[in-house]
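Report on the structure given below.
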Amino acid sequence: MFGMNRRDFGLGFALFVILVGAVATVWYGLQFFSNQMLRELATQQAVRWGQVVNENLSDADATFQYGTISQEDQALIAAIATAGGVFRYKFFNQDGIIVVASRFEDLGTKNTTPYFTAEVRQGRTFAKAEQQEFRELKERYGSKLPYVVEAYVPVMKNGRFAGAIEVYVDSTATADYLNEQFTEEALPTALGLILLIAVMVAFILYSNVRDRNRQLQTMKRAHESMSRAEKEVLRLNEELEGRVQERTSELEHANEIAREAADGMKRLNEELERRVEERTMQMTKANDQLYRLNERMTKLNESLEQRVQERTAELQRANEEVKELNTDLERRVEERTNELQQAQHDLVRQERLAALGQLTATVSHELRNPLGAIRTAIYLVRGKVMGHELGVEPALERADRSITRCDNIINELLDFTRSTPLALENARFDDWLDFTVGEQSLPESVTLQKHLGLGDLTTAFDHERLRRVIVNVFNNACEAMVEATENGEMDRPPLLNITSRTNGQAVEVIFADNGPGIPDETLAKIFEPLFSTKSFGVGLGLPTVKQIMEQHGGGIDISSIIGTGTQVRFWLPIRQVQEQAA
């Protein structure tokens, strides 16, 4: 066949085997590269998702130890899962038990796979990619098996294993894209290589067969010439010289033919080298295309990471805006609640004051006449028994004091519930304060210190009402210190400091004692009408004091520290009134 022998067939078969092997190597090499690139991209995507979730959890300890996850973290996981193609995830605690999962039936189960103990618990990320069937993707792909990456991301705290995140990423779209690119770019390249190698094999076989046929024809002609020479050697001996010359010419001609054949082989070799160089350039171009494909895949990966970062930044900004809105809403709710509480408090206080006014009118009307009759009766009884030493004098004194106390209570109720204009009179405030304090009965155990700093300052105020303020505050301070000393609650001598000063617009008076102090819960109610911690009185002393100071256009505040003492500060504006001529 075309002058081919067994050796030519062997050479052709060897070249054919080399051709098939080269094509298979290139094909499977490209396919392996494509699958390896897909696996690497999908694994990086799955691992990156787990890392992003772990880095952005607001309370990772509560999530991985107790399975407690906030709504904010749930929204974060859902948003990142939507952006990253995650359709299933699981959170493991340090014992390998699932504490948070996208599927309810996975909660409470334990991971017993060897690679979880050998890889993940040692702080190494583990991932695998394969085609599997998942019910979450059944409706999307039907009978087609999706390409899924399963990745484990360990969570380390202080160098110790604290938990892990397992994510399932749907990379089917990426696999389809790479296969499409492989079909569009790698397949034509492989076919081009096959065609190139086939042409090279055919050319080598054709060159080898043609050269062999030429050699066989030359040898055949030489053999026929030698046969004719042997047969005719005797007969043509005489013509040997002439025939030798002719044969010499033929040999020279044969040599010329051989030289021409050598030149043809040289030209064929040069043509072969040219074609090999062209094929080499084509292979280089194919390699450049493959390199560009790799660069495109790298850019796609970088673009994907950038989109994940941008989406993460958007989620963070959204979370900050939600936090700001929640903070503003909480502040408004708190302000509204305080306003409602204050309004309710004022309404209750007004109702109580109204009830107190009605009660006071009734009490003053119904009790004063009987109290006057009792006082008259006691006066008459005292006159009858005086000098007879019947032993009823102390009882009569107690009854008279009780009547006075009841009368004072009625006066306090009337003064608190009715509003009368102030009787303002100009006076040197320090002189009036020193005289008023000096009128009071100071307990023997209490030391009084006065620091009067107003000098000749004169202002207008209602002397009688402000005297009630001074008396009430003075008595409260002395009674608190004496009672604490008698009960053993104080181990220091009772001390009361009275200070007067001015800021240029108002007069301030400060009563500071070193008594036991007032508890916070009592201090909060101290100005409420009818609130009292004493076993006597009706709880109108300090509310009346506050009312008097507010009528003067001033105010009062009380601060106290348990075990240190109490400070009462009240103030009224500096003003003058026009005194009418007598």
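Convention: chains lettered A, B, ... in structure tokens order; per-chain residue numbering from 1; ligands numbered from 1 as shown.
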**Asked** Skipping near chain neighbours, those fewer than 5 positions away, what residues fall within 8 Å of Arg569 (chain A) using only C-alpha atoms, listed as an NGL selection string?
**Response** :A and (508-511 or 556-558)
Include C-alpha atoms and write out the residues we just selected as an mmCIF file, in the first residue's frame.
```
data_model
loop_
_atom_site.group_PDB
_atom_site.id
_atom_site.type_symbol
_atom_site.label_atom_id
_atom_site.label_comp_id
_atom_site.auth_asym_id
_atom_site.auth_seq_id
_atom_site.Cartn_x
_atom_site.Cartn_y
_atom_site.Cartn_z
ATOM 1 C CA GLU A 508 -29.641 81.543 99.810
ATOM 2 C CA VAL A 509 -29.928 79.876 103.233
ATOM 3 C CA ILE A 510 -28.336 76.456 103.857
ATOM 4 C CA PHE A 511 -29.047 74.160 106.833
ATOM 5 C CA ILE A 556 -35.974 74.590 97.961
ATOM 6 C CA ASP A 557 -33.920 71.454 97.366
ATOM 7 C CA ILE A 558 -32.679 68.751 99.722
#
```
**Request:** Tell me, as number ranges by chain, which residues lie within 12 Å of region 443-458 of chain A, counting only C-alpha atoms; anything in the same chain fewer than 5 positions away does not count.
**Result:** A: 425-435, 437-438, 474-475, 477-486, 492-515, 573-577
Output C-alpha atoms for every residue in the selection just made, as a PDB file, in the first residue's frame.
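This is the output file out.pdb:
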```pdb
ATOM      1  CA  GLU A 425     -41.849  93.653 104.542  1.00  0.00           C
ATOM      2  CA  ASN A 426     -38.328  94.969 104.026  1.00  0.00           C
ATOM      3  CA  ALA A 427     -35.742  93.763 106.556  1.00  0.00           C
ATOM      4  CA  ARG A 428     -32.028  93.102 106.965  1.00  0.00           C
ATOM      5  CA  PHE A 429     -32.128  89.386 106.297  1.00  0.00           C
ATOM      6  CA  ASP A 430     -29.176  88.291 108.472  1.00  0.00           C
ATOM      7  CA  ASP A 431     -30.550  90.171 111.533  1.00  0.00           C
ATOM      8  CA  TRP A 432     -33.986  88.616 111.047  1.00  0.00           C
ATOM      9  CA  LEU A 433     -32.471  85.103 110.513  1.00  0.00           C
ATOM     10  CA  ASP A 434     -30.242  85.379 113.605  1.00  0.00           C
ATOM     11  CA  PHE A 435     -33.212  86.518 115.751  1.00  0.00           C
ATOM     12  CA  VAL A 437     -32.989  80.999 115.007  1.00  0.00           C
ATOM     13  CA  GLY A 438     -32.235  82.371 118.456  1.00  0.00           C
ATOM     14  CA  PHE A 474     -34.523  73.693 112.186  1.00  0.00           C
ATOM     15  CA  ASN A 475     -36.749  71.290 114.148  1.00  0.00           C
ATOM     16  CA  ALA A 477     -32.606  68.680 111.634  1.00  0.00           C
ATOM     17  CA  CYS A 478     -32.451  68.711 115.450  1.00  0.00           C
ATOM     18  CA  GLU A 479     -35.009  65.913 115.858  1.00  0.00           C
ATOM     19  CA  ALA A 480     -33.204  63.678 113.308  1.00  0.00           C
ATOM     20  CA  MET A 481     -29.795  64.100 115.018  1.00  0.00           C
ATOM     21  CA  VAL A 482     -31.133  63.678 118.579  1.00  0.00           C
ATOM     22  CA  GLU A 483     -33.162  60.576 117.626  1.00  0.00           C
ATOM     23  CA  ALA A 484     -30.160  59.015 115.863  1.00  0.00           C
ATOM     24  CA  THR A 485     -27.932  59.708 118.884  1.00  0.00           C
ATOM     25  CA  GLU A 486     -30.442  58.181 121.308  1.00  0.00           C
ATOM     26  CA  ARG A 492     -20.347  61.734 116.632  1.00  0.00           C
ATOM     27  CA  PRO A 493     -21.597  64.911 118.355  1.00  0.00           C
ATOM     28  CA  PRO A 494     -24.622  66.426 116.554  1.00  0.00           C
ATOM     29  CA  LEU A 495     -23.692  69.581 114.611  1.00  0.00           C
ATOM     30  CA  LEU A 496     -25.944  72.011 112.689  1.00  0.00           C
ATOM     31  CA  ASN A 497     -24.423  74.632 110.364  1.00  0.00           C
ATOM     32  CA  ILE A 498     -26.572  77.559 109.152  1.00  0.00           C
ATOM     33  CA  THR A 499     -25.143  79.603 106.272  1.00  0.00           C
ATOM     34  CA  SER A 500     -26.522  82.633 104.428  1.00  0.00           C
ATOM     35  CA  ARG A 501     -25.099  83.993 101.164  1.00  0.00           C
ATOM     36  CA  THR A 502     -26.078  85.744  97.955  1.00  0.00           C
ATOM     37  CA  ASN A 503     -25.276  85.399  94.268  1.00  0.00           C
ATOM     38  CA  GLY A 504     -26.298  88.992  93.503  1.00  0.00           C
ATOM     39  CA  GLN A 505     -29.885  88.151  92.497  1.00  0.00           C
ATOM     40  CA  ALA A 506     -31.129  85.858  95.268  1.00  0.00           C
ATOM     41  CA  VAL A 507     -30.648  85.115  98.972  1.00  0.00           C
ATOM     42  CA  GLU A 508     -29.641  81.543  99.810  1.00  0.00           C
ATOM     43  CA  VAL A 509     -29.928  79.876 103.233  1.00  0.00           C
ATOM     44  CA  ILE A 510     -28.336  76.456 103.857  1.00  0.00           C
ATOM     45  CA  PHE A 511     -29.047  74.160 106.833  1.00  0.00           C
ATOM     46  CA  ALA A 512     -26.427  71.359 106.932  1.00  0.00           C
ATOM     47  CA  ASP A 513     -26.429  68.670 109.649  1.00  0.00           C
ATOM     48  CA  ASN A 514     -24.239  65.627 110.266  1.00  0.00           C
ATOM     49  CA  GLY A 515     -27.186  63.351 111.063  1.00  0.00           C
ATOM     50  CA  PRO A 573     -35.143  86.724  95.135  1.00  0.00           C
ATOM     51  CA  ILE A 574     -33.748  90.023  96.384  1.00  0.00           C
ATOM     52  CA  ARG A 575     -36.380  92.762  96.094  1.00  0.00           C
ATOM     53  CA  GLN A 576     -37.693  95.859  97.855  1.00  0.00           C
ATOM     54  CA  VAL A 577     -41.273  96.989  98.509  1.00  0.00           C
TER      55      VAL A 577
END
```
**Asked** Using only C-alpha atoms, which of A:Thr404, A:Gln132, A:Ser303, A:Thr544 sits nearest Val169 (chain A)?
**Response**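 The closest residue to Val169 (chain A) is A:Gln132.
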**Message:** Using Å and a single decimal, report how far CA of Asp462 (chain A) sits from CA of Thr566 (chain A).
**Reply:**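 Distance reported for this atom pair: 26.1 Å.
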**Request:** Report as a list in words: the residues of region 137-170 of chain A with a DSSP assignment of strand (DSSP E or B), based on the backbone of this structure.
**Result:**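 Listing strand (DSSP E or B) positions across region 137-170 of chain A yields Tyr147, Val148, Val149, Glu150, Ala151, Tyr152, Val153, Pro154, Val155, Met156, Lys157, Arg160, Phe161, Ala162, Gly163, Ala164, Ile165, Glu166, Val167, Tyr168, Val169 and Asp170 of chain A.
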Save out the residues we just selected, C-alpha atoms, as a PDB file, in the first residue's frame.
```
ATOM      1  CA  TYR A 147     -22.469  21.464  42.428  1.00  0.00           C
ATOM      2  CA  VAL A 148     -22.258  22.139  46.206  1.00  0.00           C
ATOM      3  CA  VAL A 149     -19.314  23.159  48.411  1.00  0.00           C
ATOM      4  CA  GLU A 150     -19.439  22.126  52.084  1.00  0.00           C
ATOM      5  CA  ALA A 151     -17.004  24.124  54.241  1.00  0.00           C
ATOM      6  CA  TYR A 152     -16.140  24.142  57.971  1.00  0.00           C
ATOM      7  CA  VAL A 153     -14.752  27.355  59.454  1.00  0.00           C
ATOM      8  CA  PRO A 154     -13.378  26.973  63.021  1.00  0.00           C
ATOM      9  CA  VAL A 155     -14.036  29.716  65.605  1.00  0.00           C
ATOM     10  CA  MET A 156     -11.042  30.215  67.917  1.00  0.00           C
ATOM     11  CA  LYS A 157     -10.964  32.240  71.144  1.00  0.00           C
ATOM     12  CA  ARG A 160      -8.639  27.522  71.840  1.00  0.00           C
ATOM     13  CA  PHE A 161     -11.428  25.929  69.836  1.00  0.00           C
ATOM     14  CA  ALA A 162     -14.744  27.621  70.723  1.00  0.00           C
ATOM     15  CA  GLY A 163     -16.985  26.344  67.931  1.00  0.00           C
ATOM     16  CA  ALA A 164     -17.357  26.055  64.167  1.00  0.00           C
ATOM     17  CA  ILE A 165     -19.568  27.201  61.285  1.00  0.00           C
ATOM     18  CA  GLU A 166     -20.588  24.759  58.556  1.00  0.00           C
ATOM     19  CA  VAL A 167     -21.961  26.268  55.335  1.00  0.00           C
ATOM     20  CA  TYR A 168     -23.346  24.767  52.122  1.00  0.00           C
ATOM     21  CA  VAL A 169     -22.793  26.989  49.063  1.00  0.00           C
ATOM     22  CA  ASP A 170     -24.569  26.449  45.739  1.00  0.00           C
TER      23      ASP A 170
END
```
**Request:** Calculate how many Å separate CA of Arg467 (chain A) from CA of Ser559 (chain A), rounding to one decimal.
**Result:**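 Here the two named atoms are 21.7 Å from each other.
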**Request:** Compare A:Thr117, A:Ser102, A:Thr125, A:Gln344 by their minimum atom-to-atom distance to Arg88 (chain A), counting only C-alpha atoms, and give me the closest one.
**Result:**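 Of all the options, A:Ser102 lies closest to Arg88 (chain A).
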**Request:** Using CA of Ser70 (chain A) and CA of Thr82 (chain A) as the two end points, give the distance in Å to one decimal.
**Result:**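 Taking CA of Ser70 (chain A) as the start and CA of Thr82 (chain A) as the end point, the length is 18.4 Å.
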**Request:** Write out as an NGL selection string the residues lying within 10 Å of Val469 (chain A), counting only C-alpha atoms and excluding same-chain residues fewer than 5 positions away.
**Result:** :A and (463-464 or 474 or 541-542 or 544-549 or 570)
Just the residues within 8 Å of Ala101 (chain A), please, counting only C-alpha atoms, with nothing from its chain fewer than 6 positions along; format it as a PDB file with C-alpha atoms, in the first residue's frame.
```pdb
ATOM      1  CA  ARG A  88     -27.867  25.826  54.499  1.00  0.00           C
ATOM      2  CA  TYR A  89     -25.704  26.555  57.565  1.00  0.00           C
ATOM      3  CA  LYS A  90     -24.959  25.080  61.015  1.00  0.00           C
ATOM      4  CA  PHE A  91     -23.246  26.502  64.129  1.00  0.00           C
ATOM      5  CA  LEU A 107     -30.513  21.298  66.153  1.00  0.00           C
TER       6      LEU A 107
END
```
